[in-house]
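As stored in protein_23.pdb (PDB, C-alpha atoms):
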ATOM      1  CA  MET A   1     -41.703  46.513 -10.968
ATOM      2  CA  SER A   2     -39.849  43.741  -9.228
ATOM      3  CA  ASP A   3     -43.096  41.832  -8.711
ATOM      4  CA  PHE A   4     -43.765  41.658 -12.431
ATOM      5  CA  SER A   5     -43.704  38.349 -14.203
ATOM      6  CA  VAL A   6     -45.501  37.122 -17.283
ATOM      7  CA  ASP A   7     -48.289  34.637 -16.635
ATOM      8  CA  LEU A   8     -47.056  31.104 -17.246
ATOM      9  CA  ARG A   9     -49.818  30.354 -19.741
ATOM     10  CA  LEU A  10     -48.798  33.331 -21.857
ATOM     11  CA  LEU A  11     -45.166  32.247 -21.653
ATOM     12  CA  ALA A  12     -46.042  28.730 -22.743
ATOM     13  CA  ASP A  13     -47.732  29.904 -25.952
ATOM     14  CA  THR A  14     -45.264  32.567 -27.022
ATOM     15  CA  TYR A  15     -41.676  33.549 -27.731
ATOM     16  CA  PRO A  16     -40.244  36.749 -26.254
ATOM     17  CA  VAL A  17     -39.466  39.477 -28.771
ATOM     18  CA  GLY A  18     -38.158  41.950 -26.234
ATOM     19  CA  ASP A  19     -39.074  44.957 -24.132
ATOM     20  CA  LEU A  20     -40.393  48.348 -25.149
ATOM     21  CA  GLU A  21     -40.482  51.197 -22.630
ATOM     22  CA  LEU A  22     -43.512  49.767 -20.812
ATOM     23  CA  SER A  23     -44.427  46.480 -22.394
ATOM     24  CA  ARG A  24     -42.876  43.105 -22.922
ATOM     25  CA  VAL A  25     -43.599  42.038 -26.484
ATOM     26  CA  LEU A  26     -44.335  38.387 -27.153
ATOM     27  CA  LEU A  27     -44.806  36.554 -30.448
ATOM     28  CA  MET A  28     -47.681  34.077 -30.367
ATOM     29  CA  ASN A  29     -46.378  30.699 -31.475
ATOM     30  CA  ASP A  30     -49.005  30.306 -34.162
ATOM     31  CA  ALA A  31     -47.680  30.598 -37.676
ATOM     32  CA  ARG A  32     -51.240  30.940 -39.039
ATOM     33  CA  PHE A  33     -51.468  34.542 -37.837
ATOM     34  CA  PRO A  34     -48.916  37.368 -37.400
ATOM     35  CA  TRP A  35     -49.782  37.892 -33.739
ATOM     36  CA  LEU A  36     -48.053  39.939 -31.048
ATOM     37  CA  ILE A  37     -48.987  40.252 -27.386
ATOM     38  CA  LEU A  38     -47.980  43.256 -25.282
ATOM     39  CA  VAL A  39     -47.750  42.796 -21.523
ATOM     40  CA  PRO A  40     -47.198  46.000 -19.531
ATOM     41  CA  ARG A  41     -44.442  45.276 -17.025
ATOM     42  CA  ARG A  42     -46.516  46.199 -14.008
ATOM     43  CA  ALA A  43     -47.600  43.788 -11.303
ATOM     44  CA  ALA A  44     -51.218  42.965 -10.515
ATOM     45  CA  MET A  45     -52.855  44.643 -13.496
ATOM     46  CA  ARG A  46     -56.039  43.129 -14.895
ATOM     47  CA  ASP A  47     -57.834  45.769 -16.934
ATOM     48  CA  LEU A  48     -56.628  48.589 -19.159
ATOM     49  CA  ILE A  49     -58.054  51.139 -16.742
ATOM     50  CA  ASP A  50     -56.067  49.665 -13.862
ATOM     51  CA  LEU A  51     -52.947  51.188 -15.422
ATOM     52  CA  ALA A  52     -52.098  54.757 -14.481
ATOM     53  CA  VAL A  53     -53.584  57.068 -17.110
ATOM     54  CA  GLU A  54     -50.200  58.223 -18.384
ATOM     55  CA  GLU A  55     -49.119  54.593 -18.794
ATOM     56  CA  GLN A  56     -52.295  53.841 -20.736
ATOM     57  CA  HIS A  57     -51.069  56.412 -23.225
ATOM     58  CA  VAL A  58     -47.596  54.847 -23.339
ATOM     59  CA  LEU A  59     -49.271  51.510 -23.986
ATOM     60  CA  LEU A  60     -51.329  53.051 -26.787
ATOM     61  CA  ARG A  61     -48.161  54.273 -28.475
ATOM     62  CA  GLU A  62     -46.603  50.830 -28.150
ATOM     63  CA  ILE A  63     -49.739  49.208 -29.575
ATOM     64  CA  GLY A  64     -49.450  51.615 -32.491
ATOM     65  CA  ARG A  65     -45.813  50.687 -33.069
ATOM     66  CA  CYS A  66     -46.615  46.984 -33.052
ATOM     67  CA  ALA A  67     -49.636  47.469 -35.315
ATOM     68  CA  GLN A  68     -47.628  49.525 -37.799
ATOM     69  CA  THR A  69     -44.863  46.915 -37.746
ATOM     70  CA  LEU A  70     -47.279  44.111 -38.621
ATOM     71  CA  ARG A  71     -48.905  46.284 -41.269
ATOM     72  CA  ASN A  72     -45.519  46.878 -42.870
ATOM     73  CA  MET A  73     -44.367  43.265 -42.619
ATOM     74  CA  ASP A  74     -47.563  41.418 -43.460
ATOM     75  CA  LYS A  75     -49.785  43.821 -45.438
ATOM     76  CA  PRO A  76     -52.941  42.715 -43.609
ATOM     77  CA  ASP A  77     -56.497  43.527 -44.622
ATOM     78  CA  LYS A  78     -57.366  44.391 -41.017
ATOM     79  CA  LEU A  79     -55.667  44.768 -37.672
ATOM     80  CA  ASN A  80     -57.344  43.203 -34.669
ATOM     81  CA  ILE A  81     -56.397  44.819 -31.360
ATOM     82  CA  ALA A  82     -57.896  43.502 -28.167
ATOM     83  CA  THR A  83     -57.508  43.125 -24.445
ATOM     84  CA  LEU A  84     -59.771  40.319 -23.278
ATOM     85  CA  GLY A  85     -58.140  38.359 -20.496
ATOM     86  CA  ASN A  86     -60.998  36.052 -19.686
ATOM     87  CA  VAL A  87     -58.649  33.071 -19.476
ATOM     88  CA  VAL A  88     -55.378  34.780 -18.497
ATOM     89  CA  ALA A  89     -56.418  37.665 -16.261
ATOM     90  CA  GLN A  90     -53.074  39.496 -16.396
ATOM     91  CA  LEU A  91     -53.407  42.627 -18.512
ATOM     92  CA  HIS A  92     -52.222  41.876 -22.023
ATOM     93  CA  VAL A  93     -53.058  43.245 -25.451
ATOM     94  CA  HIS A  94     -53.317  41.243 -28.655
ATOM     95  CA  VAL A  95     -52.221  42.851 -31.923
ATOM     96  CA  ILE A  96     -53.056  40.550 -34.814
ATOM     97  CA  ALA A  97     -52.682  41.025 -38.560
ATOM     98  CA  ARG A  98     -55.673  39.517 -40.325
ATOM     99  CA  THR A  99     -56.246  38.711 -43.968
ATOM    100  CA  VAL A 100     -59.399  37.625 -45.720
ATOM    101  CA  HIS A 101     -57.705  34.340 -46.538
ATOM    102  CA  ASP A 102     -56.551  33.457 -43.019
ATOM    103  CA  ALA A 103     -57.648  30.392 -41.076
ATOM    104  CA  ALA A 104     -60.268  32.182 -38.980
ATOM    105  CA  TRP A 105     -61.570  35.017 -41.173
ATOM    106  CA  PRO A 106     -63.950  36.713 -40.519
ATOM    107  CA  ARG A 107     -64.191  35.267 -37.023
ATOM    108  CA  PRO A 108     -61.934  36.365 -34.172
ATOM    109  CA  VAL A 109     -58.864  34.140 -33.890
ATOM    110  CA  TRP A 110     -59.312  32.944 -30.326
ATOM    111  CA  GLY A 111     -60.228  29.310 -29.989
ATOM    112  CA  VAL A 112     -60.299  28.642 -33.741
ATOM    113  CA  GLY A 113     -58.688  25.381 -34.801
ATOM    114  CA  GLU A 114     -55.283  24.242 -33.619
ATOM    115  CA  ARG A 115     -52.207  26.384 -33.287
ATOM    116  CA  VAL A 116     -49.480  25.772 -35.856
ATOM    117  CA  SER A 117     -46.048  26.135 -34.276
ATOM    118  CA  TYR A 118     -43.364  28.039 -36.139
ATOM    119  CA  ALA A 119     -40.608  26.036 -37.747
ATOM    120  CA  ALA A 120     -37.258  26.941 -36.166
ATOM    121  CA  SER A 121     -35.891  28.765 -39.197
ATOM    122  CA  ALA A 122     -39.089  30.722 -39.805
ATOM    123  CA  LEU A 123     -39.168  31.639 -36.124
ATOM    124  CA  GLN A 124     -35.688  33.128 -36.208
ATOM    125  CA  VAL A 125     -36.469  35.134 -39.329
ATOM    126  CA  ARG A 126     -39.661  36.388 -37.764
ATOM    127  CA  LEU A 127     -38.076  37.373 -34.454
ATOM    128  CA  SER A 128     -35.175  39.101 -36.182
ATOM    129  CA  GLY A 129     -37.520  41.049 -38.421
ATOM    130  CA  LEU A 130     -39.706  42.116 -35.514
ATOM    131  CA  ARG A 131     -36.743  43.209 -33.394
ATOM    132  CA  ALA A 132     -35.301  45.247 -36.239
ATOM    133  CA  ALA A 133     -38.638  46.918 -36.980
ATOM    134  CA  LEU A 134     -39.346  47.627 -33.310
ATOM    135  CA  ARG A 135     -35.734  48.626 -32.648
ATOM    136  CA  ILE A 136     -35.471  46.149 -29.808
ATOM    137  CA  GLN A 137     -31.969  45.141 -28.780
ATOM    138  CA  VAL A 138     -31.637  41.698 -27.280
ATOM    139  CA  THR A 139     -28.639  41.048 -25.090
ATOM    140  CA  GLN A 140     -27.527  37.462 -25.191
TER
ATOM    141  CA  MET B   1     -66.585  65.221 -40.746
ATOM    142  CA  SER B   2     -69.602  65.642 -43.017
ATOM    143  CA  ASP B   3     -68.858  62.315 -44.711
ATOM    144  CA  PHE B   4     -69.157  60.402 -41.445
ATOM    145  CA  SER B   5     -71.978  57.968 -40.984
ATOM    146  CA  VAL B   6     -72.265  54.838 -38.895
ATOM    147  CA  ASP B   7     -72.223  51.590 -40.845
ATOM    148  CA  LEU B   8     -75.772  50.312 -41.317
ATOM    149  CA  ARG B   9     -74.968  46.935 -39.750
ATOM    150  CA  LEU B  10     -73.751  48.618 -36.576
ATOM    151  CA  LEU B  11     -76.858  50.803 -36.528
ATOM    152  CA  ALA B  12     -79.128  47.789 -36.919
ATOM    153  CA  ASP B  13     -77.709  46.049 -33.853
ATOM    154  CA  THR B  14     -77.474  49.013 -31.489
ATOM    155  CA  TYR B  15     -79.168  51.995 -29.893
ATOM    156  CA  PRO B  16     -77.440  55.385 -29.876
ATOM    157  CA  VAL B  17     -76.325  56.600 -26.462
ATOM    158  CA  GLY B  18     -74.885  59.868 -27.706
ATOM    159  CA  ASP B  19     -71.696  61.619 -28.719
ATOM    160  CA  LEU B  20     -68.488  62.176 -26.820
ATOM    161  CA  GLU B  21     -65.870  64.592 -28.147
ATOM    162  CA  LEU B  22     -64.686  62.181 -30.826
ATOM    163  CA  SER B  23     -66.823  59.079 -30.708
ATOM    164  CA  ARG B  24     -70.439  58.162 -31.151
ATOM    165  CA  VAL B  25     -71.368  55.759 -28.366
ATOM    166  CA  LEU B  26     -73.745  52.919 -29.167
ATOM    167  CA  LEU B  27     -75.376  50.370 -26.870
ATOM    168  CA  MET B  28     -75.365  46.859 -28.321
ATOM    169  CA  ASN B  29     -78.916  45.543 -28.256
ATOM    170  CA  ASP B  30     -77.990  42.408 -26.368
ATOM    171  CA  ALA B  31     -79.212  42.305 -22.807
ATOM    172  CA  ARG B  32     -76.890  39.373 -22.030
ATOM    173  CA  PHE B  33     -73.835  41.636 -21.912
ATOM    174  CA  PRO B  34     -73.296  45.297 -20.890
ATOM    175  CA  TRP B  35     -71.732  46.251 -24.211
ATOM    176  CA  LEU B  36     -70.853  49.633 -25.677
ATOM    177  CA  ILE B  37     -69.399  50.412 -29.085
ATOM    178  CA  LEU B  38     -67.443  53.599 -29.794
ATOM    179  CA  VAL B  39     -67.292  54.841 -33.373
ATOM    180  CA  PRO B  40     -64.905  57.759 -33.966
ATOM    181  CA  ARG B  41     -66.799  60.306 -36.076
ATOM    182  CA  ARG B  42     -64.279  60.347 -38.877
ATOM    183  CA  ALA B  43     -64.908  59.145 -42.383
ATOM    184  CA  ALA B  44     -63.085  56.251 -44.029
ATOM    185  CA  MET B  45     -61.261  54.907 -40.971
ATOM    186  CA  ARG B  46     -60.599  51.185 -40.759
ATOM    187  CA  ASP B  47     -57.827  50.597 -38.256
ATOM    188  CA  LEU B  48     -56.867  52.288 -35.004
ATOM    189  CA  ILE B  49     -53.630  53.521 -36.553
ATOM    190  CA  ASP B  50     -55.522  55.197 -39.405
ATOM    191  CA  LEU B  51     -56.649  57.823 -36.896
ATOM    192  CA  ALA B  52     -54.370  60.816 -36.362
ATOM    193  CA  VAL B  53     -52.138  60.064 -33.378
ATOM    194  CA  GLU B  54     -53.664  62.796 -31.228
ATOM    195  CA  GLU B  55     -57.135  61.410 -31.941
ATOM    196  CA  GLN B  56     -55.981  57.922 -30.975
ATOM    197  CA  HIS B  57     -55.273  59.411 -27.557
ATOM    198  CA  VAL B  58     -58.694  61.081 -27.414
ATOM    199  CA  LEU B  59     -60.221  57.728 -28.282
ATOM    200  CA  LEU B  60     -58.222  56.064 -25.510
ATOM    201  CA  ARG B  61     -59.626  58.513 -22.984
ATOM    202  CA  GLU B  62     -63.143  57.866 -24.236
ATOM    203  CA  ILE B  63     -62.580  54.106 -24.041
ATOM    204  CA  GLY B  64     -61.465  54.643 -20.454
ATOM    205  CA  ARG B  65     -64.601  56.635 -19.625
ATOM    206  CA  CYS B  66     -66.841  53.954 -21.090
ATOM    207  CA  ALA B  67     -64.935  51.172 -19.354
ATOM    208  CA  GLN B  68     -65.103  52.946 -16.004
ATOM    209  CA  THR B  69     -68.813  53.564 -16.498
ATOM    210  CA  LEU B  70     -69.506  49.867 -17.103
ATOM    211  CA  ARG B  71     -67.278  48.947 -14.180
ATOM    212  CA  ASN B  72     -69.275  51.234 -11.903
ATOM    213  CA  MET B  73     -72.673  50.147 -13.205
ATOM    214  CA  ASP B  74     -72.144  46.430 -13.640
ATOM    215  CA  LYS B  75     -69.276  45.410 -11.362
ATOM    216  CA  PRO B  76     -67.758  43.085 -13.968
ATOM    217  CA  ASP B  77     -65.042  40.523 -13.355
ATOM    218  CA  LYS B  78     -63.231  41.634 -16.521
ATOM    219  CA  LEU B  79     -63.471  44.306 -19.158
ATOM    220  CA  ASN B  80     -63.056  43.241 -22.760
ATOM    221  CA  ILE B  81     -61.893  46.035 -25.070
ATOM    222  CA  ALA B  82     -61.382  45.302 -28.735
ATOM    223  CA  THR B  83     -61.286  46.684 -32.220
ATOM    224  CA  LEU B  84     -61.715  43.831 -34.672
ATOM    225  CA  GLY B  85     -63.780  44.937 -37.634
ATOM    226  CA  ASN B  86     -63.521  41.796 -39.702
ATOM    227  CA  VAL B  87     -67.221  41.963 -40.544
ATOM    228  CA  VAL B  88     -67.874  45.698 -40.292
ATOM    229  CA  ALA B  89     -64.672  47.335 -41.492
ATOM    230  CA  GLN B  90     -65.487  50.820 -40.167
ATOM    231  CA  LEU B  91     -63.267  51.582 -37.157
ATOM    232  CA  HIS B  92     -65.209  50.800 -33.986
ATOM    233  CA  VAL B  93     -64.224  49.728 -30.501
ATOM    234  CA  HIS B  94     -66.089  47.280 -28.310
ATOM    235  CA  VAL B  95     -66.148  47.839 -24.543
ATOM    236  CA  ILE B  96     -67.813  44.908 -22.831
ATOM    237  CA  ALA B  97     -68.322  44.121 -19.153
ATOM    238  CA  ARG B  98     -67.840  40.408 -18.564
ATOM    239  CA  THR B  99     -68.699  38.238 -15.611
ATOM    240  CA  VAL B 100     -67.785  34.655 -14.922
ATOM    241  CA  HIS B 101     -71.477  33.791 -15.046
ATOM    242  CA  ASP B 102     -72.282  35.412 -18.389
ATOM    243  CA  ALA B 103     -73.523  33.550 -21.449
ATOM    244  CA  ALA B 104     -70.159  33.332 -23.199
ATOM    245  CA  TRP B 105     -67.575  33.165 -20.400
ATOM    246  CA  PRO B 106     -64.654  32.579 -20.798
ATOM    247  CA  ARG B 107     -64.994  32.827 -24.572
ATOM    248  CA  PRO B 108     -65.144  36.146 -26.416
ATOM    249  CA  VAL B 109     -68.743  37.285 -26.935
ATOM    250  CA  TRP B 110     -68.725  37.535 -30.717
ATOM    251  CA  GLY B 111     -70.814  34.922 -32.452
ATOM    252  CA  VAL B 112     -71.896  33.185 -29.257
ATOM    253  CA  GLY B 113     -75.562  32.175 -29.167
ATOM    254  CA  GLU B 114     -78.382  34.502 -30.089
ATOM    255  CA  ARG B 115     -78.698  38.120 -29.115
ATOM    256  CA  VAL B 116     -81.353  38.914 -26.501
ATOM    257  CA  SER B 117     -83.013  42.245 -27.235
ATOM    258  CA  TYR B 118     -83.621  44.646 -24.387
ATOM    259  CA  ALA B 119     -87.171  45.009 -23.139
ATOM    260  CA  ALA B 120     -88.382  48.586 -23.713
ATOM    261  CA  SER B 121     -88.387  49.555 -20.047
ATOM    262  CA  ALA B 122     -84.970  48.055 -19.339
ATOM    263  CA  LEU B 123     -83.608  49.804 -22.406
ATOM    264  CA  GLN B 124     -84.756  53.216 -21.224
ATOM    265  CA  VAL B 125     -83.291  52.660 -17.773
ATOM    266  CA  ARG B 126     -80.025  51.536 -19.309
ATOM    267  CA  LEU B 127     -79.749  54.443 -21.741
ATOM    268  CA  SER B 128     -80.612  56.984 -19.042
ATOM    269  CA  GLY B 129     -78.036  55.520 -16.696
ATOM    270  CA  LEU B 130     -75.341  55.519 -19.364
ATOM    271  CA  ARG B 131     -76.056  59.094 -20.429
ATOM    272  CA  ALA B 132     -75.939  60.313 -16.850
ATOM    273  CA  ALA B 133     -72.680  58.497 -16.146
ATOM    274  CA  LEU B 134     -71.067  59.672 -19.389
ATOM    275  CA  ARG B 135     -72.540  63.175 -19.029
ATOM    276  CA  ILE B 136     -74.089  62.976 -22.467
ATOM    277  CA  GLN B 137     -76.919  65.387 -23.193
ATOM    278  CA  VAL B 138     -79.436  64.194 -25.731
ATOM    279  CA  THR B 139     -81.490  66.850 -27.464
ATOM    280  CA  GLN B 140     -84.912  65.622 -28.483
TER
END
This structure in structure tokens:
Amino acid sequence: MSDFSVDLRLLADTYPVGDLELSRVLLMNDARFPWLILVPRRAAMRDLIDLAVEEQHVLLREIGRCAQTLRNMDKPDKLNIATLGNVVAQLHVHVIARTVHDAAWPRPVWGVGERVSYAASALQVRLSGLRAALRIQVTQ
Amino acid sequence: MSDFSVDLRLLADTYPVGDLELSRVLLMNDARFPWLILVPRRAAMRDLIDLAVEEQHVLLREIGRCAQTLRNMDKPDKLNIATLGNVVAQLHVHVIARTVHDAAWPRPVWGVGERVSYAASALQVRLSGLRAALRIQVTQ
């Protein structure tokens, strides 16, 4: 556990939402898409099947919580859930709420256009809403 | 169960490998990438979280079996696992073995270049190998 840290490229593109039992939850700083990233807090993990089997099931439950949260908040037409990691090898899972009117539809979101950073006020609203829905306490 | 059928667009692009407990396993007809698709045999499912929770966990185990099979057969640098479904809405999960020398690296595979169909002999070898590794019996 003590060797865990989030890859610097993931950190640079995201804001921390907080920690679930296994995963750190990050909000992608791209206001075009409601987009969470889960990073299991385990060192040296690349692929889903590198995690212990019981932790894969914990991760699945956390993916489900994040997906349900985005469904409730954003009423998407489809949820995209993916672990790719071709650029950032550290195991991480994207949970993205898609709508037929979004900037990439029907393509996958990766590499499409330019990210649109959240405005400060919208960011705080978003983070507060996510933390309430995911029941994540953040100690200041 | 009786209402289940695989979307015609998925069928057109794949060969059937066979059935696991929950999922039909398909081989994408693209020799550039070792690429399986799992389709849970349940009618009217769109998103992962539409499946009953216990079946989500069955699906996770089947994803793990497919991922381990591709890892053993193809020695990939990374496994891409994703449920997108922006084009074909029926719930299906991609399990793709990626290498740093493949035709799309480091991009996701979707929409990159033209598919390369398997030659008949290579297809039979591939299907036989997959069925043996996944312990799928096919009745003729």
Decode the PyMOL selection byres ((chain A) within 6 of (chain B)) for the given file into explicit residues and return them as number ranges by chain. A: 80-84, 86, 106
B:Ser117: which residues within 8 Å, counting all atoms listed in the file, same-chain residues fewer than 5 positions away excluded, as number ranges by chain? B: 29-31
Using the chain letters and numbering of this document, enumerate as a ChimeraX atom specification the residues selected by the PyMOL selection byres ((chain A and resi 16) around 9). /A:11,14-15,17-19,24-28,127
Write out as a list of chain:residue names each polymer residue whose atoms come within 8 Å of A:Phe4, counting only C-alpha atoms; drop sequence neighbours fewer than 5 positions from it. A:Arg41, A:Arg42, A:Ala43, A:Ala44
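Picture a line from atom CA of B:Val125 to atom CA of B:Asn72; it runs 15.3 Å.
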Please, what is the axis-aligned box for every listed atom of stretch 59-64 of chain B with 3 Å on each side, as centre and edge lengths in Å to one decimal, as AutoDock Vina command-line options?
--center_x -60.7 --center_y 56.3 --center_z -24.4 --size_x 10.9 --size_y 10.4 --size_z 13.8
Tell me, as number ranges by chain, which residues lie within 9 Å of A:Leu130, counting all atoms listed in the file; anything in the same chain fewer than 5 positions away does not count. A: 17, 66, 69-70, 73, 125, 135-136
